[in-house]
Structure formats: structure tokens, C-alpha cells
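Source file run20.pdb; content: PDB, C-alpha atoms.
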```
ATOM      1  CA  MET A   1     109.696 147.666  83.014
ATOM      2  CA  LYS A   2     112.274 146.886  85.687
ATOM      3  CA  TYR A   3     110.244 143.843  86.775
ATOM      4  CA  LEU A   4     110.295 142.478  83.230
ATOM      5  CA  LEU A   5     114.041 143.053  82.901
ATOM      6  CA  LEU A   6     114.732 141.424  86.254
ATOM      7  CA  SER A   7     112.479 138.508  85.316
ATOM      8  CA  ILE A   8     114.524 137.890  82.170
ATOM      9  CA  ILE A   9     117.788 137.910  84.138
ATOM     10  CA  PHE A  10     116.366 135.704  86.881
ATOM     11  CA  SER A  11     114.929 133.323  84.265
ATOM     12  CA  ILE A  12     118.315 132.869  82.615
ATOM     13  CA  VAL A  13     120.012 132.226  85.969
ATOM     14  CA  ALA A  14     117.276 129.802  87.036
ATOM     15  CA  LEU A  15     117.416 127.862  83.774
ATOM     16  CA  LEU A  16     121.203 127.546  84.019
ATOM     17  CA  ALA A  17     120.919 126.346  87.633
ATOM     18  CA  MET A  18     118.255 123.791  86.716
ATOM     19  CA  ALA A  19     120.330 122.538  83.778
ATOM     20  CA  ALA A  20     123.302 122.062  86.114
ATOM     21  CA  SER A  21     121.246 120.217  88.747
ATOM     22  CA  VAL A  22     119.573 117.904  86.225
ATOM     23  CA  ARG A  23     122.943 116.423  85.259
ATOM     24  CA  ARG A  24     123.558 115.332  88.852
ATOM     25  CA  GLU A  25     122.014 112.304  90.529
ATOM     26  CA  SER A  26     122.336 113.296  94.186
ATOM     27  CA  LEU A  27     119.282 113.822  96.391
ATOM     28  CA  ALA A  28     120.125 117.502  96.822
ATOM     29  CA  ALA A  29     120.237 117.979  93.041
ATOM     30  CA  ARG A  30     116.891 116.230  92.604
ATOM     31  CA  LEU A  31     115.308 118.470  95.215
ATOM     32  CA  ALA A  32     116.995 121.590  93.859
ATOM     33  CA  THR A  33     115.449 121.300  90.398
ATOM     34  CA  PRO A  34     111.768 121.565  91.444
ATOM     35  CA  ALA A  35     112.671 124.154  94.118
ATOM     36  CA  ILE A  36     114.415 126.412  91.608
ATOM     37  CA  PHE A  37     111.643 125.884  89.066
ATOM     38  CA  GLY A  38     109.004 126.805  91.651
ATOM     39  CA  LEU A  39     110.864 129.947  92.698
ATOM     40  CA  TRP A  40     111.246 130.890  89.057
ATOM     41  CA  LEU A  41     107.513 130.519  88.437
ATOM     42  CA  LEU A  42     106.721 132.637  91.496
ATOM     43  CA  TRP A  43     109.124 135.355  90.378
ATOM     44  CA  LEU A  44     107.734 135.280  86.832
ATOM     45  CA  TRP A  45     104.210 135.535  88.229
ATOM     46  CA  GLN A  46     105.207 138.499  90.411
ATOM     47  CA  ALA A  47     107.008 140.227  87.546
ATOM     48  CA  LEU A  48     104.177 139.806  85.056
ATOM     49  CA  VAL A  49     101.502 140.996  87.491
ATOM     50  CA  LYS A  50     103.521 144.042  88.538
ATOM     51  CA  GLY A  51     104.967 144.742  85.109
ATOM     52  CA  PHE A  52     101.619 144.724  83.319
ATOM     53  CA  ALA A  53      99.700 146.221  86.281
ATOM     54  CA  VAL A  54      97.221 143.338  86.436
ATOM     55  CA  PRO A  55      94.320 144.235  88.782
ATOM     56  CA  ALA A  56      94.398 142.325  92.057
ATOM     57  CA  ILE A  57      90.784 141.290  91.554
ATOM     58  CA  LEU A  58      91.883 139.303  88.502
ATOM     59  CA  LEU A  59      95.163 137.892  89.764
ATOM     60  CA  PRO A  60      96.914 139.023  92.958
ATOM     61  CA  ALA A  61     100.690 138.968  93.076
ATOM     62  CA  PRO A  62     102.449 136.286  95.147
ATOM     63  CA  SER A  63     103.647 139.019  97.529
ATOM     64  CA  ALA A  64     100.011 140.013  98.202
ATOM     65  CA  ILE A  65      99.053 136.369  98.751
ATOM     66  CA  PHE A  66     101.845 135.801 101.260
ATOM     67  CA  THR A  67     100.924 139.071 103.000
ATOM     68  CA  ALA A  68      97.310 137.911 103.305
ATOM     69  CA  LEU A  69      98.522 134.536 104.553
ATOM     70  CA  SER A  70     100.595 136.197 107.267
ATOM     71  CA  ALA A  71      97.908 138.715 108.249
ATOM     72  CA  ASN A  72      95.196 136.044 108.515
ATOM     73  CA  ALA A  73      97.326 133.216 109.874
ATOM     74  CA  GLY A  74      95.112 132.573 112.891
ATOM     75  CA  MET A  75      91.895 132.420 110.881
ATOM     76  CA  LEU A  76      93.428 130.198 108.200
ATOM     77  CA  ALA A  77      94.941 127.914 110.862
ATOM     78  CA  ALA A  78      91.462 127.382 112.333
ATOM     79  CA  ASP A  79      90.170 126.683 108.814
ATOM     80  CA  PHE A  80      92.963 124.147 108.314
ATOM     81  CA  VAL A  81      92.028 122.332 111.519
ATOM     82  CA  GLN A  82      88.353 122.243 110.538
ATOM     83  CA  THR A  83      88.918 121.004 106.996
ATOM     84  CA  VAL A  84      92.000 118.795 107.206
ATOM     85  CA  LEU A  85      92.065 117.437 110.746
ATOM     86  CA  ARG A  86      88.315 117.177 111.398
ATOM     87  CA  SER A  87      86.996 116.324 107.920
ATOM     88  CA  VAL A  88      89.716 114.982 105.645
ATOM     89  CA  LEU A  89      91.564 112.692 108.057
ATOM     90  CA  PRO A  90      88.523 110.807 109.440
ATOM     91  CA  GLY A  91      86.984 110.438 105.985
ATOM     92  CA  TYR A  92      90.319 109.388 104.475
ATOM     93  CA  ILE A  93      90.897 106.725 107.124
ATOM     94  CA  ILE A  94      87.334 105.409 106.894
ATOM     95  CA  GLY A  95      87.404 105.313 103.099
ATOM     96  CA  CYS A  96      90.837 103.702 102.738
ATOM     97  CA  VAL A  97      90.362 101.136 105.507
ATOM     98  CA  GLY A  98      86.839 100.356 104.328
ATOM     99  CA  GLY A  99      87.956  99.923 100.725
ATOM    100  CA  PHE A 100      90.826  97.670 101.796
ATOM    101  CA  LEU A 101      88.594  95.446 103.938
ATOM    102  CA  LEU A 102      85.980  95.265 101.190
ATOM    103  CA  ALA A 103      88.680  94.188  98.750
ATOM    104  CA  LEU A 104      89.722  91.359 101.070
ATOM    105  CA  ALA A 105      86.081  90.273 101.384
ATOM    106  CA  ILE A 106      85.524  90.427  97.628
ATOM    107  CA  ASP A 107      88.715  88.453  97.029
ATOM    108  CA  ARG A 108      87.158  85.542  98.921
ATOM    109  CA  SER A 109      83.732  85.772  97.274
ATOM    110  CA  ASP A 110      82.877  85.803  93.582
ATOM    111  CA  PHE A 111      79.333  86.786  94.550
ATOM    112  CA  LEU A 112      80.539  89.993  96.202
ATOM    113  CA  LYS A 113      82.861  90.710  93.297
ATOM    114  CA  ARG A 114      80.013  90.514  90.794
ATOM    115  CA  GLY A 115      77.679  92.541  93.016
ATOM    116  CA  LEU A 116      79.912  95.248  94.489
ATOM    117  CA  MET A 117      82.281  96.067  91.633
ATOM    118  CA  PRO A 118      79.580  97.484  89.292
ATOM    119  CA  LEU A 119      78.108  99.365  92.257
ATOM    120  CA  GLY A 120      81.548 100.758  93.047
ATOM    121  CA  ASN A 121      81.991 101.983  89.489
ATOM    122  CA  LEU A 122      78.566 103.623  89.687
ATOM    123  CA  VAL A 123      79.294 105.455  92.951
ATOM    124  CA  SER A 124      82.781 106.537  91.845
ATOM    125  CA  ALA A 125      81.255 108.122  88.744
ATOM    126  CA  MET A 126      78.880 110.283  90.787
ATOM    127  CA  PRO A 127      79.907 113.977  90.863
ATOM    128  CA  ILE A 128      80.889 115.606  94.142
ATOM    129  CA  ILE A 129      78.311 118.337  93.688
ATOM    130  CA  GLY A 130      75.648 115.632  93.703
ATOM    131  CA  ILE A 131      76.907 113.824  96.804
ATOM    132  CA  ALA A 132      77.749 116.851  98.966
ATOM    133  CA  PRO A 133      74.214 118.321  99.371
ATOM    134  CA  ILE A 134      72.822 114.882 100.226
ATOM    135  CA  ALA A 135      75.553 114.325 102.812
ATOM    136  CA  VAL A 136      74.768 117.700 104.388
ATOM    137  CA  MET A 137      71.076 116.782 104.626
ATOM    138  CA  TRP A 138      71.915 113.400 106.189
ATOM    139  CA  PHE A 139      74.728 114.343 108.583
ATOM    140  CA  GLY A 140      74.259 118.076 109.144
ATOM    141  CA  PHE A 141      76.538 121.057 108.602
ATOM    142  CA  GLY A 142      79.388 119.817 110.805
ATOM    143  CA  TRP A 143      82.501 117.897 109.892
ATOM    144  CA  GLN A 144      80.583 114.612 109.739
ATOM    145  CA  SER A 145      79.012 115.404 106.367
ATOM    146  CA  LYS A 146      82.378 116.367 104.870
ATOM    147  CA  ALA A 147      83.980 113.206 106.230
ATOM    148  CA  ALA A 148      81.154 111.197 104.648
ATOM    149  CA  VAL A 149      81.843 112.797 101.259
ATOM    150  CA  VAL A 150      85.564 112.079 101.612
ATOM    151  CA  ALA A 151      84.871 108.467 102.563
ATOM    152  CA  ALA A 152      82.562 108.024  99.564
ATOM    153  CA  MET A 153      85.232 109.417  97.241
ATOM    154  CA  THR A 154      88.123 107.358  98.603
ATOM    155  CA  ILE A 155      86.624 103.950  99.316
ATOM    156  CA  PHE A 156      86.320 102.729  95.745
ATOM    157  CA  PRO A 157      89.754 103.765  94.424
ATOM    158  CA  MET A 158      91.222 101.758  97.298
ATOM    159  CA  LEU A 159      88.853  98.881  96.571
ATOM    160  CA  VAL A 160      89.718  98.698  92.868
ATOM    161  CA  ASN A 161      93.464  99.116  93.344
ATOM    162  CA  THR A 162      93.659  96.519  96.123
ATOM    163  CA  ILE A 163      91.764  93.958  94.077
ATOM    164  CA  ALA A 164      94.069  94.608  91.127
ATOM    165  CA  GLY A 165      97.109  94.320  93.389
ATOM    166  CA  LEU A 166      95.986  91.027  94.911
ATOM    167  CA  GLY A 167      96.011  89.564  91.428
ATOM    168  CA  GLU A 168      99.630  90.594  90.805
ATOM    169  CA  ALA A 169     101.175  87.587  92.552
ATOM    170  CA  GLY A 170     102.821  85.234  90.079
ATOM    171  CA  VAL A 171     101.395  81.831  89.234
ATOM    172  CA  LEU A 172     104.623  80.025  90.081
ATOM    173  CA  GLU A 173     104.745  81.603  93.533
ATOM    174  CA  ARG A 174     101.131  80.643  94.190
ATOM    175  CA  GLU A 175     101.725  77.072  93.088
ATOM    176  CA  LEU A 176     104.798  76.869  95.308
ATOM    177  CA  LEU A 177     102.813  77.902  98.380
ATOM    178  CA  LEU A 178     100.041  75.528  97.334
ATOM    179  CA  SER A 179     102.549  72.687  97.177
ATOM    180  CA  TYR A 180     103.497  73.536 100.754
ATOM    181  CA  ALA A 181      99.808  73.302 101.747
ATOM    182  CA  ALA A 182      99.816  76.972 102.757
ATOM    183  CA  SER A 183      96.463  78.280 103.975
ATOM    184  CA  TYR A 184      94.691  81.319 102.542
ATOM    185  CA  PRO A 185      95.828  83.657 105.377
ATOM    186  CA  VAL A 186      99.436  82.550 104.925
ATOM    187  CA  THR A 187      99.281  83.034 101.160
ATOM    188  CA  LEU A 188      97.657  86.407 101.649
ATOM    189  CA  LEU A 189     100.211  87.683 104.175
ATOM    190  CA  LYS A 190     103.339  86.150 102.668
ATOM    191  CA  LEU A 191     102.689  86.606  98.960
ATOM    192  CA  ARG A 192      99.621  88.442  97.782
ATOM    193  CA  LEU A 193      99.589  91.479 100.091
ATOM    194  CA  PRO A 194     103.296  92.253  99.503
ATOM    195  CA  ALA A 195     102.666  92.022  95.763
ATOM    196  CA  ALA A 196      99.681  94.357  96.145
ATOM    197  CA  LEU A 197     101.567  97.048  98.100
ATOM    198  CA  PRO A 198     102.448  99.210  95.036
ATOM    199  CA  HIS A 199      98.763  99.271  94.046
ATOM    200  CA  ILE A 200      97.675 100.023  97.603
ATOM    201  CA  PHE A 201     100.105 102.920  97.876
ATOM    202  CA  ALA A 202      98.946 104.196  94.492
ATOM    203  CA  ALA A 203      95.408 104.341  95.912
ATOM    204  CA  LEU A 204      96.623 106.026  99.099
ATOM    205  CA  LYS A 205      98.410 108.740  97.117
ATOM    206  CA  LEU A 206      95.445 109.243  94.796
ATOM    207  CA  ASN A 207      93.059 109.431  97.742
ATOM    208  CA  SER A 208      95.232 112.008  99.523
ATOM    209  CA  THR A 209      94.327 114.543  96.829
ATOM    210  CA  LEU A 210      90.762 113.324  96.280
ATOM    211  CA  ALA A 211      90.051 113.694  99.999
ATOM    212  CA  LEU A 212      91.083 117.349 100.023
ATOM    213  CA  ILE A 213      89.051 118.104  96.911
ATOM    214  CA  GLY A 214      85.999 116.378  98.348
ATOM    215  CA  ALA A 215      86.162 118.159 101.702
ATOM    216  CA  VAL A 216      86.717 121.613 100.180
ATOM    217  CA  VAL A 217      83.905 121.226  97.649
ATOM    218  CA  ALA A 218      81.573 119.790 100.298
ATOM    219  CA  GLU A 219      82.070 122.918 102.405
ATOM    220  CA  PHE A 220      80.637 125.000  99.570
ATOM    221  CA  PHE A 221      77.227 123.435 100.232
ATOM    222  CA  GLY A 222      77.002 123.978 103.952
ATOM    223  CA  SER A 223      79.521 124.464 106.696
ATOM    224  CA  PRO A 224      80.009 126.136 110.044
ATOM    225  CA  ILE A 225      81.865 129.446 109.921
ATOM    226  CA  LEU A 226      85.164 127.601 109.534
ATOM    227  CA  GLY A 227      86.889 125.607 106.834
ATOM    228  CA  LEU A 228      89.068 126.233 103.814
ATOM    229  CA  GLY A 229      86.211 125.623 101.399
ATOM    230  CA  PHE A 230      83.964 127.954 103.386
ATOM    231  CA  ARG A 231      86.747 130.569 103.398
ATOM    232  CA  ILE A 232      87.249 130.324  99.640
ATOM    233  CA  SER A 233      83.546 130.719  98.865
ATOM    234  CA  THR A 234      82.875 133.586 101.302
ATOM    235  CA  GLU A 235      86.022 135.572 100.530
ATOM    236  CA  ALA A 236      85.474 135.163  96.788
ATOM    237  CA  ALA A 237      81.992 136.612  97.235
ATOM    238  CA  SER A 238      83.589 139.547  99.100
ATOM    239  CA  LEU A 239      86.228 139.940  96.341
ATOM    240  CA  ASN A 240      89.084 139.295  98.785
ATOM    241  CA  LEU A 241      91.042 137.349  96.210
ATOM    242  CA  ASP A 242      94.307 137.459  98.137
ATOM    243  CA  ILE A 243      92.737 135.482 101.003
ATOM    244  CA  VAL A 244      91.149 133.105  98.484
ATOM    245  CA  TRP A 245      94.544 132.391  96.950
ATOM    246  CA  ALA A 246      96.079 132.022 100.411
ATOM    247  CA  ALA A 247      93.515 129.318 101.230
ATOM    248  CA  ILE A 248      94.155 127.644  97.879
ATOM    249  CA  LEU A 249      97.881 127.717  98.657
ATOM    250  CA  ILE A 250      97.281 125.930 101.970
ATOM    251  CA  VAL A 251      95.205 123.249 100.243
ATOM    252  CA  ALA A 252      97.833 122.773  97.534
ATOM    253  CA  LEU A 253     100.715 122.556 100.014
ATOM    254  CA  THR A 254      98.791 120.118 102.209
ATOM    255  CA  GLY A 255      98.054 117.863  99.252
ATOM    256  CA  SER A 256     101.624 118.014  97.980
ATOM    257  CA  LEU A 257     103.173 117.298 101.377
ATOM    258  CA  SER A 258     100.814 114.394 102.084
ATOM    259  CA  PHE A 259     101.531 112.927  98.643
ATOM    260  CA  ALA A 260     105.284 113.294  99.212
ATOM    261  CA  ALA A 261     105.066 111.692 102.669
ATOM    262  CA  LEU A 262     103.179 108.719 101.255
ATOM    263  CA  ALA A 263     105.702 108.424  98.424
ATOM    264  CA  LEU A 264     108.572 108.310 100.935
ATOM    265  CA  LEU A 265     106.708 105.721 103.012
ATOM    266  CA  GLU A 266     106.090 103.659  99.885
ATOM    267  CA  ARG A 267     109.772 103.749  99.005
ATOM    268  CA  ALA A 268     110.698 102.624 102.523
ATOM    269  CA  VAL A 269     108.157  99.779 102.559
ATOM    270  CA  THR A 270     108.503  98.564  98.940
ATOM    271  CA  PHE A 271     112.261  99.062  98.555
ATOM    272  CA  TRP A 272     112.440  95.574  97.068
ATOM    273  CA  HIS A 273     110.229  96.485  94.109
ATOM    274  CA  PRO A 274     111.970  96.465  90.683
ATOM    275  CA  SER A 275     111.019 100.107  90.061
ATOM    276  CA  TYR A 276     113.389 101.155  92.872
ATOM    277  CA  ARG A 277     116.361  99.146  91.749
ATOM    278  CA  ASN A 278     119.347 101.159  90.580
ATOM    279  CA  PRO A 279     120.447  99.891  87.167
ATOM    280  CA  ASN A 280     123.960 101.252  87.826
TER     281      ASN A 280
END
```

In C-alpha cells, how does this file's structure come out?
Amino acid sequence: MKYLLLSIIFSIVALLAMAASVRRESLAARLATPAIFGLWLLWLWQALVKGFAVPAILLPAPSAIFTALSANAGMLAADFVQTVLRSVLPGYIIGCVGGFLLALAIDRSDFLKRGLMPLGNLVSAMPIIGIAPIAVMWFGFGWQSKAAVVAAMTIFPMLVNTIAGLGEAGVLERELLLSYAASYPVTLLKLRLPAALPHIFAALKLNSTLALIGAVVAEFFGSPILGLGFRISTEAASLNLDIVWAAILIVALTGSLSFAALALLERAVTFWHPSYRNPN
């Protein structure tokens, strides 16, 4: 009962603090709102689980998850290295760079556009659970198969977004460069690629989450005795739900931080874009 009473008091305080921060436009106020909201959700979760005596096998409390995270920090750190650094990063780089280069090639060739775009839509519609076992059979149980799945999932979002972005340059700007007898590389570097940057960053941010999902799911179908996906599947089978949630927390934080880092980089690179202009 005391947890429920404290949750009500904390909820009122948190809502008042969020209402006060929303009315401010400073960076600290913008960061405070999601931080307070997140802490409020964690406290509400803790209070409901403890107050209603929810079994840990159904839903462990946040305190139990953080305890499991601390007690198994070494094991989960090794899993993080295996999944994120050895599988996600190589696959993400291969997929994004490959999709970008394919988009540049397609932009110069109508033949490639007609041939590769339908194929890209076909591959992007394939489920992960269909690709992952094939990748394991082709590349083995190591990180290579997971990187291949990540690359397959990320290459076509980058391809489609880059092609769409290259078409964003205005007609007047193109005609101006044409009147100056600008070559294709000059037009590409000076006009079309800058106009495509918002689309490219949209693909990078989308792929940052798709890459994690692909690597984790791929580890369900075959992995060495390391990896966040391997840890989730094995600990769930052993009913160690606190460790499962700790691994899920690491995946979620990694995805959120990578998305935020890319968003900050996008803001620094595309500061000139109208969406970042302050109307005041």
C-alpha cells in the first residue's frame, strides 16, 4: 500500500515538474522533460510490481533488473562487444555505404533503377526470421552471419532514401548550374548531395535501430556463447527474466544513444535546413 501511496505523490510532483519544464525553451528544460517522464515511469513500474506483488517471472521490478545488470556486468559487457561492436557496426557500415553507392550508380543509370529498385523492395520485405537461418548456413555461427543480416536490412532503406533525396534539388538550381556548364560531379557535390542530406540522415537513424534488431534476432538462430540475442534466448529458457530485461535494457539504451548521436550530427551538418530555423 505504501508503494501505491508514494507513487501517487511522486506522480503529482513529476507531472508538475514536467508542466513547468514544457513552458521553457532552454536545452536543459527540453532534456528535463523526458528525463522526469522516464523516472516517473520507472517509479510507477516499481510501485505497481511491488504494490500488487507481481511475480518476477511475469515482470521483474526495475530494482531487480538493475541488480541483475550490476551482478552480471562482465558477462553483459562481453555480450555487448559481440553483438554491437562485432556484428552491428560492420553490418551497419557495409549496408549504409553499399546503399549509398548503389544509389549514386542508379542515379546515373535508368537501367539500374528499373532493375534494382523492384529487387530492393522485394528484399526489404523479406522477414528477418527467413534471412537469419540462411545467413548462418552461408557464413557460419560467428559474427559474420549477423553482420550479413544487418547489411541486408540496412542497404535498401539507405538506397531508397538517397535516391529520394537526390531528387529534392530544385529545378531552378539545376538549371542555374546547367547554364554554368557544370559537370555531373560538380552538380552532385554542390547541389544534389546537400539537398539529399536530410534523407540520408533519416536512413542512418532508421538503420541504427534496424541493425540492432537484425543482429539480436539473428543470434536466436545460431551464435557462439556470447551476444545479447543469445543471452536473451538462453536466459529466457532458464526463466532468469531479470537478466533478460537487463539485456533488453542494454539494447534499448544502445539504440537510443546511437539515434540521438546521429540526430545531433544531423543538426550540426544540416543546420541550414528550414526545419532548424527558429521562427522567433

Expected selection from the PyMOL selection byres ((chain A and resi 96-101) around 7), given as a short mmCIF file (atom, residue, chain, number, x, y, z; two decimals) with C-alpha atoms, keeping the file's coordinate frame:
```
data_model
loop_
_atom_site.label_atom_id
_atom_site.label_comp_id
_atom_site.auth_asym_id
_atom_site.auth_seq_id
_atom_site.Cartn_x
_atom_site.Cartn_y
_atom_site.Cartn_z
CA TYR A 92 90.32 109.39 104.48
CA ILE A 93 90.90 106.72 107.12
CA ILE A 94 87.33 105.41 106.89
CA GLY A 95 87.40 105.31 103.10
CA LEU A 102 85.98 95.26 101.19
CA ALA A 103 88.68 94.19 98.75
CA LEU A 104 89.72 91.36 101.07
CA ALA A 105 86.08 90.27 101.38
CA THR A 154 88.12 107.36 98.60
CA ILE A 155 86.62 103.95 99.32
CA PHE A 156 86.32 102.73 95.74
CA MET A 158 91.22 101.76 97.30
CA LEU A 159 88.85 98.88 96.57
CA THR A 162 93.66 96.52 96.12
#
```

Legend entry - A:Ile65, A:Val88, A:Val123, A:Leu226 ranked by distance to Gly214 in chain A, top pick (using only C-alpha atoms):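 Result for the nearest residue to Gly214 in chain A: A:Val88.
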
Inset, instruction - Figure out the distance between CA of Pro224 in chain A and CA of Gln144 in chain A, please, to one decimal in Å. - result: 11.5 Å

Inset, instruction - Report the residues retrieved by the PyMOL selection byres ((chain A and resi 129) around 10) from the displayed file, expressed as a PyMOL selection string. - result: chain A and resi 126-128+130-134+214+217-218+220-221

Inset, instruction - Record the distance separating CA of Glu219 in chain A and CA of Val150 in chain A, expressed in Å with one decimal. - result: 11.4 Å

So that each row is one residue of range 60-80 of chain A with an atom at most 9 Å from range 41-55 of chain A, can you give its shortest atom pair and the distance in Å to one decimal, using only C-alpha atoms, rows by chain and rising number, as CSV?
```
residue,atom,partner,partner_atom,distance
A:Pro60,CA,A:Pro55,CA,7.2
A:Ala61,CA,A:Gln46,CA,5.3
A:Pro62,CA,A:Gln46,CA,5.9
A:Ser63,CA,A:Gln46,CA,7.3
```
